[in-house]
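Dropping work_35.csv in here (CSV, C-alpha atoms):
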```
chain,number,residue,atom,x,y,z
U,1,MET,CA,67.2,12.7,27.2
U,2,GLU,CA,69.0,15.4,29.2
U,3,GLN,CA,72.3,13.6,28.3
U,4,HIS,CA,71.7,13.8,24.5
U,5,ASN,CA,73.7,16.6,23.0
U,6,GLY,CA,71.1,17.8,20.5
U,7,PHE,CA,68.3,17.7,23.1
U,8,LYS,CA,70.5,19.7,25.6
U,9,ARG,CA,71.4,22.4,23.1
U,10,THR,CA,67.9,22.8,21.7
U,11,PHE,CA,65.7,22.7,24.8
U,12,GLN,CA,65.9,24.2,28.3
U,13,LYS,CA,63.0,24.2,30.7
U,14,GLY,CA,61.4,27.6,31.0
U,15,HIS,CA,63.4,29.1,28.2
U,16,LEU,CA,62.6,30.0,24.5
U,17,THR,CA,65.0,28.8,21.9
U,18,LEU,CA,65.1,29.3,18.2
U,19,GLY,CA,65.8,26.9,15.3
U,20,LEU,CA,65.6,27.2,11.5
U,21,SER,CA,64.0,25.2,8.7
U,22,ILE,CA,66.4,24.2,5.9
U,23,PRO,CA,67.0,24.0,2.9
U,24,PHE,CA,67.2,27.8,2.5
U,25,ASP,CA,65.7,29.0,-0.8
U,26,ASN,CA,65.3,32.2,-2.8
U,27,SER,CA,62.2,34.1,-3.5
U,28,GLU,CA,61.2,31.7,-6.3
U,29,LYS,CA,61.3,28.7,-3.9
U,30,ILE,CA,64.5,27.4,-5.6
U,31,ALA,CA,66.9,25.9,-3.1
U,32,LEU,CA,70.4,27.5,-2.9
U,33,SER,CA,73.5,25.4,-3.8
U,34,PHE,CA,74.8,22.9,-1.3
U,35,ASP,CA,77.8,25.0,-0.6
U,36,GLN,CA,75.5,28.0,0.2
U,37,GLN,CA,73.4,25.7,2.4
U,38,ALA,CA,76.4,24.7,4.4
U,39,GLU,CA,77.7,28.2,4.7
U,40,LEU,CA,74.3,29.4,6.1
U,41,ALA,CA,74.1,26.4,8.4
U,42,GLN,CA,77.5,27.3,9.8
U,43,TYR,CA,76.5,30.9,10.2
U,44,ALA,CA,73.3,29.9,12.0
U,45,GLU,CA,75.5,27.9,14.4
U,46,GLU,CA,77.7,30.9,15.0
U,47,LEU,CA,74.7,33.1,15.7
U,48,GLY,CA,73.5,30.7,18.4
U,49,PHE,CA,70.5,29.1,16.7
U,50,THR,CA,69.9,25.8,18.4
U,51,SER,CA,68.8,23.6,15.5
U,52,LEU,CA,68.1,23.0,11.8
U,53,PHE,CA,65.0,21.1,10.7
U,54,VAL,CA,64.2,19.5,7.4
U,55,ARG,CA,60.9,18.1,6.0
U,56,ASP,CA,60.2,14.6,4.7
U,57,ASN,CA,57.8,14.2,1.8
U,58,PRO,CA,58.6,11.2,-0.3
U,59,LEU,CA,56.6,12.4,-3.4
U,60,TYR,CA,55.9,15.7,-5.1
U,61,SER,CA,52.9,16.7,-7.2
U,62,PRO,CA,52.7,19.7,-9.6
U,63,HIS,CA,49.3,20.4,-7.9
U,64,LEU,CA,51.2,21.6,-4.9
U,65,GLY,CA,52.6,24.5,-6.8
U,66,PRO,CA,56.0,26.1,-5.9
U,67,VAL,CA,57.3,24.5,-2.6
U,68,THR,CA,60.7,24.4,-1.0
U,69,THR,CA,63.0,21.7,-2.5
U,70,ASN,CA,62.7,18.5,-0.5
U,71,TYR,CA,65.8,16.3,-0.3
U,72,ASP,CA,66.0,13.0,1.4
U,73,PRO,CA,66.2,14.1,5.1
U,74,PHE,CA,68.7,11.5,6.3
U,75,VAL,CA,71.1,12.2,3.4
U,76,PHE,CA,70.8,15.9,3.6
U,77,LEU,CA,71.2,16.0,7.4
U,78,THR,CA,74.3,13.8,7.1
U,79,TYR,CA,75.8,16.4,4.8
U,80,LEU,CA,75.0,19.2,7.2
U,81,SER,CA,76.5,17.1,10.1
U,82,ALA,CA,79.9,17.1,8.3
U,83,LYS,CA,79.7,20.9,7.9
U,84,THR,CA,78.8,21.8,11.5
U,85,ASN,CA,79.9,21.0,15.0
U,86,LYS,CA,77.3,21.9,17.6
U,87,ILE,CA,74.0,22.8,16.1
U,88,ALA,CA,71.3,20.1,16.4
U,89,ARG,CA,69.6,18.8,13.3
U,90,GLY,CA,66.1,17.4,13.1
U,91,THR,CA,63.2,16.2,11.0
U,92,ALA,CA,59.9,18.0,10.9
U,93,SER,CA,58.9,15.4,10.2
U,94,ILE,CA,59.7,11.8,9.1
U,95,VAL,CA,56.5,10.3,7.7
U,96,ALA,CA,56.5,7.2,10.0
U,97,THR,CA,53.6,5.6,8.2
U,98,LEU,CA,55.4,5.5,4.8
U,99,ARG,CA,58.8,4.2,5.9
U,100,HIS,CA,59.6,0.8,7.4
U,101,PRO,CA,60.6,1.1,11.1
U,102,ILE,CA,63.8,-1.0,10.6
U,103,HIS,CA,65.1,1.4,7.9
U,104,VAL,CA,64.1,4.5,10.0
U,105,ALA,CA,65.7,3.1,13.1
U,106,LYS,CA,69.0,2.2,11.4
U,107,ALA,CA,69.3,5.5,9.5
U,108,ALA,CA,68.4,7.5,12.6
U,109,ALA,CA,70.9,5.6,14.8
U,110,THR,CA,73.7,6.1,12.3
U,111,LEU,CA,72.9,9.8,11.8
U,112,ASP,CA,72.9,10.3,15.6
U,113,LEU,CA,76.2,8.6,16.0
U,114,VAL,CA,78.1,10.3,13.1
U,115,SER,CA,76.8,13.7,14.3
U,116,ASN,CA,77.8,13.2,18.0
U,117,GLU,CA,74.3,12.9,19.2
U,118,ARG,CA,72.8,15.9,17.5
U,119,PHE,CA,69.8,14.3,15.8
U,120,LEU,CA,66.2,15.1,16.8
U,121,MET,CA,63.5,13.1,15.0
U,122,GLY,CA,60.0,14.5,14.5
U,123,LEU,CA,57.5,11.8,13.4
U,124,ALA,CA,54.3,12.3,11.5
U,125,THR,CA,51.4,10.3,10.0
U,126,GLY,CA,51.5,12.2,6.7
U,127,ASP,CA,49.0,14.5,5.1
U,128,ARG,CA,49.5,14.1,1.3
U,129,SER,CA,46.6,11.8,0.3
U,130,PHE,CA,48.3,10.9,-3.0
U,131,GLU,CA,51.3,9.4,-1.2
U,132,PHE,CA,49.3,6.7,0.7
U,133,PRO,CA,48.3,4.6,-2.4
U,134,ALA,CA,51.9,4.7,-3.6
U,135,PHE,CA,53.0,2.9,-0.4
U,136,LYS,CA,49.8,0.8,-0.1
U,137,VAL,CA,49.0,2.4,3.2
U,138,GLU,CA,45.3,2.8,4.0
U,139,GLU,CA,44.4,6.1,5.7
U,140,LYS,CA,42.0,4.4,8.0
U,141,ASN,CA,44.9,2.5,9.6
U,142,LEU,CA,47.1,5.5,10.3
U,143,HIS,CA,46.3,5.7,14.0
U,144,ASN,CA,47.5,2.1,14.7
U,145,HIS,CA,50.3,2.3,12.1
U,146,PHE,CA,51.8,5.3,13.8
U,147,ARG,CA,51.7,3.7,17.3
U,148,ASP,CA,53.3,0.5,16.0
U,149,ALA,CA,56.0,2.4,14.2
U,150,VAL,CA,56.9,4.3,17.4
U,151,SER,CA,57.0,1.2,19.6
U,152,SER,CA,59.1,-0.6,16.9
U,153,LEU,CA,61.7,2.2,16.9
U,154,ASN,CA,62.0,2.1,20.6
U,155,ALA,CA,62.4,-1.6,20.7
U,156,LEU,CA,65.0,-1.6,17.8
U,157,TRP,CA,67.1,1.0,19.6
U,158,GLN,CA,67.0,-0.8,23.0
U,159,ASP,CA,68.3,-4.2,22.1
U,160,HIS,CA,70.3,-6.1,19.4
U,161,SER,CA,67.7,-8.8,19.3
U,162,PRO,CA,64.2,-7.4,20.1
U,163,ASN,CA,61.0,-9.4,19.8
U,164,ILE,CA,58.6,-7.4,17.7
U,165,SER,CA,55.1,-8.3,16.5
U,166,ASN,CA,52.7,-5.8,15.2
U,167,SER,CA,50.7,-4.7,12.2
U,168,ILE,CA,53.8,-3.7,10.3
U,169,PHE,CA,56.2,-6.6,10.7
U,170,GLU,CA,57.5,-9.4,12.9
U,171,LEU,CA,61.0,-9.9,14.2
U,172,TYR,CA,61.8,-13.1,16.2
U,173,GLU,CA,64.9,-14.7,14.9
U,174,ASP,CA,67.6,-13.4,17.2
U,175,SER,CA,68.2,-10.4,14.9
U,176,GLY,CA,68.2,-6.6,15.1
U,177,LEU,CA,70.4,-3.6,14.5
U,178,GLN,CA,74.1,-4.1,14.7
U,179,VAL,CA,74.7,-0.5,15.8
U,180,LEU,CA,72.5,1.1,18.4
U,181,PRO,CA,72.3,4.8,19.5
U,182,LYS,CA,74.6,5.7,22.4
U,183,HIS,CA,71.8,6.2,24.9
U,184,HIS,CA,69.6,3.4,23.3
U,185,HIS,CA,67.2,6.1,22.3
U,186,ILE,CA,66.9,9.1,20.1
U,187,PRO,CA,64.6,12.1,21.0
U,188,ILE,CA,61.3,11.7,19.1
U,189,PHE,CA,58.5,14.2,18.7
U,190,ALA,CA,54.9,13.9,17.5
U,191,THR,CA,53.9,16.3,14.8
U,192,GLY,CA,50.4,17.7,15.2
U,193,ASN,CA,48.0,15.2,16.8
U,194,ALA,CA,49.5,12.3,14.7
U,195,LYS,CA,46.0,10.7,14.9
U,196,GLN,CA,46.5,10.3,18.7
U,197,ASP,CA,45.2,11.7,21.9
U,198,LEU,CA,47.2,14.0,24.1
U,199,ASP,CA,47.7,11.5,26.9
U,200,TRP,CA,49.3,9.0,24.5
U,201,ILE,CA,51.6,11.7,23.1
U,202,LYS,CA,52.6,12.7,26.6
U,203,GLU,CA,53.4,9.2,27.5
U,204,ASN,CA,55.2,8.0,24.4
U,205,MET,CA,57.0,11.0,22.9
U,206,ASP,CA,59.9,13.1,24.2
U,207,GLY,CA,58.2,16.3,22.9
U,208,TRP,CA,55.6,17.8,20.7
U,209,MET,CA,55.6,19.8,17.5
U,210,PHE,CA,52.3,21.6,16.9
U,211,TYR,CA,51.0,24.3,14.6
U,212,PRO,CA,50.5,28.1,15.3
U,213,GLN,CA,46.9,29.0,16.2
U,214,GLU,CA,45.0,31.7,18.0
U,215,PHE,CA,46.8,32.8,21.1
U,216,GLN,CA,44.3,31.7,23.8
U,217,MET,CA,44.0,28.3,22.1
U,218,GLN,CA,47.7,27.8,22.0
U,219,ARG,CA,48.0,28.9,25.6
U,220,ALA,CA,45.4,26.4,26.7
U,221,LEU,CA,47.2,23.7,24.7
U,222,LEU,CA,50.5,24.5,26.3
U,223,GLN,CA,49.0,24.4,29.8
U,224,ALA,CA,47.6,21.0,29.1
U,225,TRP,CA,50.9,19.8,27.6
U,226,HIS,CA,53.0,20.9,30.5
U,227,ASP,CA,50.7,19.6,33.2
U,228,ASN,CA,53.1,16.9,34.3
U,229,ASP,CA,56.3,16.4,36.3
U,230,VAL,CA,58.6,15.5,33.4
U,231,PHE,CA,60.0,18.2,31.2
U,232,LYS,CA,59.0,17.6,27.6
U,233,PRO,CA,59.4,20.5,25.1
U,234,PHE,CA,56.9,22.0,22.9
U,235,MET,CA,57.7,23.4,19.4
U,236,HIS,CA,55.9,25.3,16.7
U,237,PRO,CA,56.9,26.9,13.5
U,238,LEU,CA,56.8,30.6,12.6
U,239,ALA,CA,56.8,31.6,8.9
U,240,LEU,CA,58.7,34.8,8.1
U,241,ASP,CA,58.4,36.3,4.6
```
So that I can check it, write out the structure of this file as structure tokens.
Amino acid sequence: MEQHNGFKRTFQKGHLTLGLSIPFDNSEKIALSFDQQAELAQYAEELGFTSLFVRDNPLYSPHLGPVTTNYDPFVFLTYLSAKTNKIARGTASIVATLRHPIHVAKAAATLDLVSNERFLMGLATGDRSFEFPAFKVEEKNLHNHFRDAVSSLNALWQDHSPNISNSIFELYEDSGLQVLPKHHHIPIFATGNAKQDLDWIKENMDGWMFYPQEFQMQRALLQAWHDNDVFKPFMHPLALD
């Protein structure tokens, strides 16, 4: 992953770096215009911020109250790619249990290529209970569904004709993605526990996005996470109001 442009810019071992969540909005949680978003993204790049991250929630419910506008992450990040040159762009996070791995793999590979390897993909199991019935996904299956989604993405990026058989789909007939990522992989990051244990996340993900918590708890979590020989970054959000 050290060869990937977005990963190199965003993460350095032993150093703290800063990224931003986008879209930017006003005090009423109304997103600014696309021109304003692009201008602020360019300004963030000039100031030295390493990355811009967007969310992925397929559905909205009025019961959520005022929340930041949620565009399709792949389309919005493609727009930002055309307006910036160096800053990495990422998802925090793609709901891997609600999207088919073939669609995710192709969209991610395309976005990484058109942005000159600046795409970082956070992956999540999802936490909005009203979304699962809409996609006919059972919450009791999220653990295995997430694992199968991750293994499918890796296989689809590695080879033009992968053999895949899991709980989501089967692929045997000498077919796959026509266009693969330059390094046959895109940096992927678990969000929260993603219904997995820490050992699995360490082994299968390139980094970890977690949530802020009490200092000593976060410190212990970081020590457990970094207890290995391979550098894998840790991220968490900080809300400023």
Give me, as a ChimeraX atom specification, all polymer residues having an atom no more than 10 Å from Lys136 (chain U), counting only C-alpha atoms and skipping those fewer than 4 positions away in the same chain.
/U:98,131-132
Which of U:Asn154, U:Gln42, U:Gln213, U:Ser51 sits closest to Thr17 (chain U) [using only C-alpha atoms]:
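When distances to Thr17 (chain U) are compared using only C-alpha atoms, the smallest one comes from U:Ser51.
Using only C-alpha atoms, the smallest distance between any of U:Pro212, U:Pro162, U:Pro101, U:Gly126 and His143 (chain U) comes from U:Gly126.
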Using all atoms listed in the file, which protein or nucleic acid residues come within 10 Å of Gly6 (chain U)? Drop anything in the same chain fewer than 5 positions from it, and give the result as an mmCIF file with C-alpha atoms, keeping the file's coordinate frame.
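What landed in around-v3.cif:
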```cif
data_model
loop_
_atom_site.group_PDB
_atom_site.id
_atom_site.type_symbol
_atom_site.label_atom_id
_atom_site.label_comp_id
_atom_site.auth_asym_id
_atom_site.auth_seq_id
_atom_site.Cartn_x
_atom_site.Cartn_y
_atom_site.Cartn_z
ATOM 1 C CA MET U 1 67.200 12.700 27.200
ATOM 2 C CA PHE U 11 65.700 22.700 24.800
ATOM 3 C CA THR U 50 69.900 25.800 18.400
ATOM 4 C CA SER U 51 68.800 23.600 15.500
ATOM 5 C CA LYS U 86 77.300 21.900 17.600
ATOM 6 C CA ILE U 87 74.000 22.800 16.100
ATOM 7 C CA ALA U 88 71.300 20.100 16.400
ATOM 8 C CA ARG U 89 69.600 18.800 13.300
ATOM 9 C CA GLY U 90 66.100 17.400 13.100
ATOM 10 C CA ASP U 112 72.900 10.300 15.600
ATOM 11 C CA SER U 115 76.800 13.700 14.300
ATOM 12 C CA ASN U 116 77.800 13.200 18.000
ATOM 13 C CA GLU U 117 74.300 12.900 19.200
ATOM 14 C CA ARG U 118 72.800 15.900 17.500
ATOM 15 C CA PHE U 119 69.800 14.300 15.800
ATOM 16 C CA LEU U 120 66.200 15.100 16.800
ATOM 17 C CA ILE U 186 66.900 9.100 20.100
ATOM 18 C CA PRO U 187 64.600 12.100 21.000
#
```
Between U:Met205, U:Ala134, U:Leu113, U:Leu80, single out the one closest to Tyr60 (chain U), counting all atoms listed in the file.
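Among the listed residues, U:Ala134 lies closest to Tyr60 (chain U).
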Give the centre and edge lengths of an axis-aligned box, in Å to one decimal, that holds all listed atoms of region 77-96 of chain U with 3 Å on each side, as JSON.
```
{"center_x": 68.2, "center_y": 15.0, "center_z": 11.2, "size_x": 29.4, "size_y": 21.6, "size_z": 18.8}
```
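For region 219-223 of chain U, the list of residues within 10 Å, based on all atoms listed in the file and with local chain neighbours fewer than 3 positions off taken out, reads U:Leu198, U:Phe210, U:Gln213, U:Glu214, U:Phe215, U:Gln216, U:His226, U:Asp227, U:Asn228, U:Pro233, U:Phe234.
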Output file for the selection above: C-alpha atoms, as a short mmCIF file (atom, residue, chain, number, x, y, z; two decimals), in the coordinates of the input:
```
data_model
loop_
_atom_site.label_atom_id
_atom_site.label_comp_id
_atom_site.auth_asym_id
_atom_site.auth_seq_id
_atom_site.Cartn_x
_atom_site.Cartn_y
_atom_site.Cartn_z
CA LEU U 198 47.20 14.00 24.10
CA PHE U 210 52.30 21.60 16.90
CA GLN U 213 46.90 29.00 16.20
CA GLU U 214 45.00 31.70 18.00
CA PHE U 215 46.80 32.80 21.10
CA GLN U 216 44.30 31.70 23.80
CA HIS U 226 53.00 20.90 30.50
CA ASP U 227 50.70 19.60 33.20
CA ASN U 228 53.10 16.90 34.30
CA PRO U 233 59.40 20.50 25.10
CA PHE U 234 56.90 22.00 22.90
#
```
Ranking U:Gly207, U:Ala107, U:Pro237, U:Ala124 by minimum distance to Gln178 (chain U) and counting all atoms listed in the file, which one comes first?
U:Ala107
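Across U:Leu40, U:Val104, U:Val67, U:Val114, the tightest approach to Ser81 (chain U) is made by U:Val114 when counting all atoms listed in the file.
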Could you pull the residues within 10 Å of Glu173 (chain U), counting all atoms listed in the file, minus those fewer than 2 positions along the same chain, as a PDB file with C-alpha atoms, keeping the file's coordinate frame?
```pdb
ATOM      1  CA  SER U 161      67.700  -8.800  19.300  1.00  0.00           C
ATOM      2  CA  PRO U 162      64.200  -7.400  20.100  1.00  0.00           C
ATOM      3  CA  ASN U 163      61.000  -9.400  19.800  1.00  0.00           C
ATOM      4  CA  GLU U 170      57.500  -9.400  12.900  1.00  0.00           C
ATOM      5  CA  LEU U 171      61.000  -9.900  14.200  1.00  0.00           C
ATOM      6  CA  SER U 175      68.200 -10.400  14.900  1.00  0.00           C
ATOM      7  CA  GLY U 176      68.200  -6.600  15.100  1.00  0.00           C
TER       8      GLY U 176
END
```
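Straight-line separation from CA of Asn166 (chain U) to CA of Ile201 (chain U): 19.2 Å.
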Find the residue from U:Asn5, U:Ser165, U:Thr125, U:Gln12 that sits nearest to Asn85 (chain U); use all atoms listed in the file when measuring.
U:Asn5
Using all atoms listed in the file, I'd like a table of the residues in region 91-201 of chain U that come within 12 Å of region 20-34 of chain U; for each, show the closest atom pair and its distance in Å rounded to one decimal, ordered by chain and ascending number, as JSON lines.
```
{"residue": "U:Thr91", "atom": "CA", "partner": "U:Ser21", "partner_atom": "CA", "distance": 9.3}
{"residue": "U:Ala92", "atom": "CA", "partner": "U:Ser21", "partner_atom": "CA", "distance": 8.6}
{"residue": "U:Ser93", "atom": "CA", "partner": "U:Ser21", "partner_atom": "CA", "distance": 11.1}
```
Is there a way to complete region 116-138 of chain U with N, CA and C atoms and then write that out as a PDB file, keeping the file's coordinate frame?
```pdb
ATOM      1  N   ASN U 116      77.568  13.038  16.531  1.00  0.00           N
ATOM      2  CA  ASN U 116      77.800  13.200  18.000  1.00  0.00           C
ATOM      3  C   ASN U 116      76.570  13.578  18.718  1.00  0.00           C
ATOM      4  N   GLU U 117      75.550  12.763  18.505  1.00  0.00           N
ATOM      5  CA  GLU U 117      74.300  12.900  19.200  1.00  0.00           C
ATOM      6  C   GLU U 117      73.597  14.234  19.003  1.00  0.00           C
ATOM      7  N   ARG U 118      73.426  14.596  17.759  1.00  0.00           N
ATOM      8  CA  ARG U 118      72.800  15.900  17.500  1.00  0.00           C
ATOM      9  C   ARG U 118      71.476  15.721  16.703  1.00  0.00           C
ATOM     10  N   PHE U 119      70.941  14.514  16.634  1.00  0.00           N
ATOM     11  CA  PHE U 119      69.800  14.300  15.800  1.00  0.00           C
ATOM     12  C   PHE U 119      68.491  14.258  16.651  1.00  0.00           C
ATOM     13  N   LEU U 120      67.501  15.037  16.220  1.00  0.00           N
ATOM     14  CA  LEU U 120      66.200  15.100  16.800  1.00  0.00           C
ATOM     15  C   LEU U 120      65.160  14.649  15.782  1.00  0.00           C
ATOM     16  N   MET U 121      64.328  13.673  16.093  1.00  0.00           N
ATOM     17  CA  MET U 121      63.500  13.100  15.000  1.00  0.00           C
ATOM     18  C   MET U 121      61.983  13.384  15.303  1.00  0.00           C
ATOM     19  N   GLY U 122      61.438  14.314  14.533  1.00  0.00           N
ATOM     20  CA  GLY U 122      60.000  14.500  14.500  1.00  0.00           C
ATOM     21  C   GLY U 122      59.379  13.382  13.669  1.00  0.00           C
ATOM     22  N   LEU U 123      58.207  12.913  14.091  1.00  0.00           N
ATOM     23  CA  LEU U 123      57.500  11.800  13.400  1.00  0.00           C
ATOM     24  C   LEU U 123      56.076  12.272  13.100  1.00  0.00           C
ATOM     25  N   ALA U 124      55.596  11.918  11.923  1.00  0.00           N
ATOM     26  CA  ALA U 124      54.300  12.300  11.500  1.00  0.00           C
ATOM     27  C   ALA U 124      53.535  11.159  10.844  1.00  0.00           C
ATOM     28  N   THR U 125      52.215  11.288  10.721  1.00  0.00           N
ATOM     29  CA  THR U 125      51.400  10.300  10.000  1.00  0.00           C
ATOM     30  C   THR U 125      51.340  10.557   8.523  1.00  0.00           C
ATOM     31  N   GLY U 126      51.646  11.793   8.117  1.00  0.00           N
ATOM     32  CA  GLY U 126      51.500  12.200   6.700  1.00  0.00           C
ATOM     33  C   GLY U 126      50.202  12.839   6.418  1.00  0.00           C
ATOM     34  N   ASP U 127      50.218  13.755   5.436  1.00  0.00           N
ATOM     35  CA  ASP U 127      49.000  14.500   5.100  1.00  0.00           C
ATOM     36  C   ASP U 127      48.783  14.664   3.611  1.00  0.00           C
ATOM     37  N   ARG U 128      49.632  14.053   2.791  1.00  0.00           N
ATOM     38  CA  ARG U 128      49.500  14.100   1.300  1.00  0.00           C
ATOM     39  C   ARG U 128      48.744  12.869   0.877  1.00  0.00           C
ATOM     40  N   SER U 129      47.477  13.017   0.541  1.00  0.00           N
ATOM     41  CA  SER U 129      46.600  11.800   0.300  1.00  0.00           C
ATOM     42  C   SER U 129      47.154  11.028  -0.925  1.00  0.00           C
ATOM     43  N   PHE U 130      47.871  11.677  -1.866  1.00  0.00           N
ATOM     44  CA  PHE U 130      48.300  10.900  -3.000  1.00  0.00           C
ATOM     45  C   PHE U 130      49.537  10.030  -2.700  1.00  0.00           C
ATOM     46  N   GLU U 131      50.136  10.199  -1.520  1.00  0.00           N
ATOM     47  CA  GLU U 131      51.300   9.400  -1.200  1.00  0.00           C
ATOM     48  C   GLU U 131      50.855   7.997  -0.613  1.00  0.00           C
ATOM     49  N   PHE U 132      49.725   7.926   0.052  1.00  0.00           N
ATOM     50  CA  PHE U 132      49.300   6.700   0.700  1.00  0.00           C
ATOM     51  C   PHE U 132      49.131   5.520  -0.273  1.00  0.00           C
ATOM     52  N   PRO U 133      48.429   5.700  -1.406  1.00  0.00           N
ATOM     53  CA  PRO U 133      48.300   4.600  -2.400  1.00  0.00           C
ATOM     54  C   PRO U 133      49.637   4.111  -2.900  1.00  0.00           C
ATOM     55  N   ALA U 134      50.579   5.034  -3.075  1.00  0.00           N
ATOM     56  CA  ALA U 134      51.900   4.700  -3.600  1.00  0.00           C
ATOM     57  C   ALA U 134      52.617   3.685  -2.697  1.00  0.00           C
ATOM     58  N   PHE U 135      52.361   3.787  -1.398  1.00  0.00           N
ATOM     59  CA  PHE U 135      53.000   2.900  -0.400  1.00  0.00           C
ATOM     60  C   PHE U 135      52.041   1.822   0.094  1.00  0.00           C
ATOM     61  N   LYS U 136      50.866   1.745  -0.522  1.00  0.00           N
ATOM     62  CA  LYS U 136      49.800   0.800  -0.100  1.00  0.00           C
ATOM     63  C   LYS U 136      49.511   0.878   1.356  1.00  0.00           C
ATOM     64  N   VAL U 137      49.357   2.098   1.799  1.00  0.00           N
ATOM     65  CA  VAL U 137      49.000   2.400   3.200  1.00  0.00           C
ATOM     66  C   VAL U 137      47.542   2.939   3.153  1.00  0.00           C
ATOM     67  N   GLU U 138      46.666   2.373   3.962  1.00  0.00           N
ATOM     68  CA  GLU U 138      45.300   2.800   4.000  1.00  0.00           C
ATOM     69  C   GLU U 138      45.157   3.905   5.118  1.00  0.00           C
TER      70      GLU U 138
END
```
